[in-house]
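Enquirer: One structure, as structure tokens, below. Some questions next.
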Amino acid sequence: MDSTKTPLDKKLLNSGLKLLQQPALPLVSMVQFLFLTGPFTTVTEVIGEMPAPIETGYATYDQPQELLRRHQQALELLERVKSGAEPDFEVVTAQGEPVDAMTAVSAVIMQQVLTDELEEINSLLCAPCNCRLCCIGPDSSMQHDFFEIPLGDEESSFFAVDRLDTTASRAHCSMDEEPLQENNAPFYKRIEPALVHWQNGWSLILPKSTTCPNLEPSQGRCRVYADRPEVCRRPQIFPYVIEKLDSKGVKPLYRLRQSLLAIVDCPYVGVLQDEIAAYGAASELEVLFKQNKA
């Protein structure tokens, strides 16, 4: 089934849509305000005092305590701020200026909460689509020359393909105007997938008409599904509150983005754009709809 061309029945998405309509960040903001302004020593105390139901301008939460306990570990970062401890990471604005400790911690909490929440939402929305879009390169009719799957440092070991890790590759990014050259041609002109170590880390590059090496061809199933890369667990609505940067210092460094990224090639993103925009607005984030393949 080519779900990029077959209309998707929105009814198939009900389980994921239900969670999309109950965003955690409005409740997280309440906990943050109450904890920092009230006589509390732990986040657990605040969560325990949250009433039920809670109504916002976007949703009604019948079990707010249960929802918040899923994100308690991330929220406990607030306890360090209230105690006066400095964060063990740094966050800068888009212009590179450092932000204050509270803004930094709040952004990291938001990123973690959204990451956890959207992993579940995306999994529920993706399953009914019967789609392989994230696992294949652009076809011959598309304008894009390649599809990129960003990887964590240890995740490159999941793929048995050629590796390109050179001084030149580490000085480039995948979308540079002047592309990285391999054998006197742009890197994406190769005919097989490859792992490339860019300035900002590893990516799997799928040139035109290629397929992820871990996609089983007859059934269209992932051979490493249980241990698949983090990015493959979160198609195709991404938290973009902060962006990790290369750090020359001791602490991890992030840039503040305050956004949510949704890939409109994806069948469920295509039919849920209004709902995703509402989710972003309720979470006080800018929603960026982007096409990966055209």
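By order in the structure tokens, chains are A, B, ...; within a chain, residues start at 1; ligands start at 1, following the order shown.
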Please provide the set of residues having any atom within 12 Å of A:Leu151, restricted to only C-alpha atoms, with same-chain residues fewer than 3 positions apart removed, written as a ChimeraX atom specification.
Expert: /A:148,154-159,195-198,200-205,228-233
Enquirer: Excluding same-chain residues fewer than 4 positions from A:Ile237, what lies within 10 Å of it counting only C-alpha atoms, as a PyMOL selection string?
Expert: chain A and resi 114-115+118-119+121-122+260-264+266+268-269+276+287-289
Enquirer: Need to verify the contact set: A:Leu124, 9 Å, only C-alpha atoms, exclusion of same-chain residues closer than 3 positions in sequence. Can you return it as a PyMOL selection string?
Expert: chain A and resi 13-17+119-121+127-128
Enquirer: Out of A:Gln73, A:Ser283, A:Gly220, A:Ala101, which residue has the shortest atom-to-atom distance to A:Ala85 when counting only C-alpha atoms?
Expert: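 Closest residue, counting only C-alpha atoms: A:Ala101.
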Enquirer: In stretch 20-252 of chain A, what's strand (DSSP E) per DSSP? Answer as a ChimeraX atom specification?
Expert: /A:54-55,60-61,90-92,146-150,162-164,181-182,185-186,194-198,201-207,215-216,221-222,237-245
Enquirer: Restricted to N, CA and C atoms, what would the selected residues look like written as a compact mmCIF listing (two decimals), in the first residue's frame?
Expert:
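Output contents, as saved in part_28.txt:
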# COMPACT_ATOMS: atom_id res chain seq x y z
N ILE A 54 -9.17 19.47 35.47
CA ILE A 54 -8.62 20.79 35.17
C ILE A 54 -9.04 21.14 33.76
N GLU A 55 -9.58 22.35 33.60
CA GLU A 55 -9.99 22.81 32.29
C GLU A 55 -9.09 23.96 31.85
N THR A 60 -9.90 19.54 28.53
CA THR A 60 -10.27 19.18 29.90
C THR A 60 -9.48 17.94 30.28
N TYR A 61 -8.80 18.01 31.42
CA TYR A 61 -7.95 16.91 31.89
C TYR A 61 -8.65 16.25 33.08
N GLU A 90 23.99 24.37 29.10
CA GLU A 90 23.85 25.77 28.74
C GLU A 90 22.89 25.90 27.57
N VAL A 91 22.09 26.98 27.58
CA VAL A 91 21.16 27.27 26.50
C VAL A 91 21.40 28.70 26.04
N VAL A 92 21.44 28.88 24.72
CA VAL A 92 21.63 30.22 24.16
C VAL A 92 20.46 30.55 23.25
N PHE A 146 18.12 13.46 -1.95
CA PHE A 146 18.37 12.45 -0.93
C PHE A 146 17.44 12.65 0.24
N PHE A 147 17.34 11.63 1.08
CA PHE A 147 16.61 11.70 2.34
C PHE A 147 17.61 11.42 3.45
N GLU A 148 17.52 12.18 4.52
CA GLU A 148 18.50 12.08 5.61
C GLU A 148 17.84 11.59 6.88
N ILE A 149 18.47 10.62 7.55
CA ILE A 149 18.01 10.13 8.85
C ILE A 149 19.10 10.44 9.87
N PRO A 150 18.94 11.51 10.67
CA PRO A 150 19.96 11.86 11.67
C PRO A 150 20.07 10.76 12.73
N ASP A 162 28.39 1.69 3.61
CA ASP A 162 29.63 2.46 3.52
C ASP A 162 29.60 3.64 4.48
N ARG A 163 30.78 3.99 5.01
CA ARG A 163 30.91 5.13 5.91
C ARG A 163 31.78 6.20 5.27
N LEU A 164 31.34 7.43 5.41
CA LEU A 164 32.11 8.56 4.94
C LEU A 164 32.38 9.46 6.14
N GLN A 181 31.79 16.67 -1.53
CA GLN A 181 32.16 15.92 -2.72
C GLN A 181 32.71 14.54 -2.34
N GLU A 182 32.30 13.55 -3.12
CA GLU A 182 32.84 12.21 -2.97
C GLU A 182 33.16 11.69 -4.38
N ALA A 185 32.11 14.07 -7.16
CA ALA A 185 30.67 14.25 -7.39
C ALA A 185 30.01 14.53 -6.04
N PRO A 186 28.86 15.21 -6.04
CA PRO A 186 28.14 15.42 -4.78
C PRO A 186 27.85 14.10 -4.08
N ALA A 194 24.53 5.46 2.50
CA ALA A 194 25.82 5.61 3.17
C ALA A 194 25.62 6.31 4.50
N LEU A 195 26.54 6.06 5.42
CA LEU A 195 26.61 6.80 6.67
C LEU A 195 27.62 7.93 6.49
N VAL A 196 27.22 9.15 6.84
CA VAL A 196 28.11 10.30 6.71
C VAL A 196 28.23 10.98 8.07
N HIS A 197 29.48 11.26 8.46
CA HIS A 197 29.72 12.02 9.69
C HIS A 197 29.85 13.48 9.33
N TRP A 198 28.79 14.25 9.64
CA TRP A 198 28.75 15.67 9.35
C TRP A 198 29.34 16.47 10.52
N GLY A 201 27.29 15.54 13.48
CA GLY A 201 27.12 14.14 13.84
C GLY A 201 26.77 13.25 12.64
N TRP A 202 26.41 12.01 12.95
CA TRP A 202 26.14 11.00 11.92
C TRP A 202 24.74 11.13 11.33
N SER A 203 24.63 10.78 10.05
CA SER A 203 23.33 10.62 9.40
C SER A 203 23.40 9.45 8.43
N LEU A 204 22.28 8.77 8.26
CA LEU A 204 22.13 7.82 7.17
C LEU A 204 21.57 8.59 5.98
N ILE A 205 22.27 8.53 4.85
CA ILE A 205 21.84 9.22 3.64
C ILE A 205 21.26 8.19 2.67
N LEU A 206 20.01 8.44 2.27
CA LEU A 206 19.33 7.59 1.29
C LEU A 206 19.20 8.38 0.00
N PRO A 207 20.07 8.13 -0.99
CA PRO A 207 19.94 8.82 -2.28
C PRO A 207 18.66 8.40 -3.00
N LEU A 215 15.32 -2.25 6.11
CA LEU A 215 13.93 -2.50 5.72
C LEU A 215 13.84 -3.82 4.97
N GLU A 216 13.08 -4.76 5.53
CA GLU A 216 12.91 -6.07 4.91
C GLU A 216 12.00 -5.90 3.69
N ARG A 221 8.98 -4.56 6.67
CA ARG A 221 9.17 -4.43 8.12
C ARG A 221 10.62 -4.08 8.45
N CYS A 222 10.80 -3.41 9.56
CA CYS A 222 12.14 -3.01 10.01
C CYS A 222 12.81 -4.18 10.72
N ILE A 237 6.21 14.20 13.87
CA ILE A 237 6.00 15.45 14.60
C ILE A 237 7.12 15.53 15.63
N PHE A 238 7.98 16.53 15.49
CA PHE A 238 9.20 16.59 16.29
C PHE A 238 9.21 17.78 17.24
N PRO A 239 9.62 17.59 18.50
CA PRO A 239 9.85 18.74 19.37
C PRO A 239 11.13 19.45 18.94
N TYR A 240 11.05 20.75 18.85
CA TYR A 240 12.20 21.56 18.43
C TYR A 240 12.31 22.77 19.36
N VAL A 241 12.10 22.50 20.66
CA VAL A 241 12.21 23.57 21.66
C VAL A 241 13.66 24.01 21.78
N ILE A 242 14.57 23.04 21.78
CA ILE A 242 16.00 23.33 21.79
C ILE A 242 16.68 22.48 20.73
N GLU A 243 17.82 22.98 20.27
CA GLU A 243 18.62 22.28 19.26
C GLU A 243 20.02 22.08 19.84
N LYS A 244 20.50 20.86 19.84
CA LYS A 244 21.83 20.59 20.39
C LYS A 244 22.90 21.14 19.46
N LEU A 245 23.91 21.78 20.06
CA LEU A 245 25.03 22.34 19.32
C LEU A 245 26.32 21.66 19.72
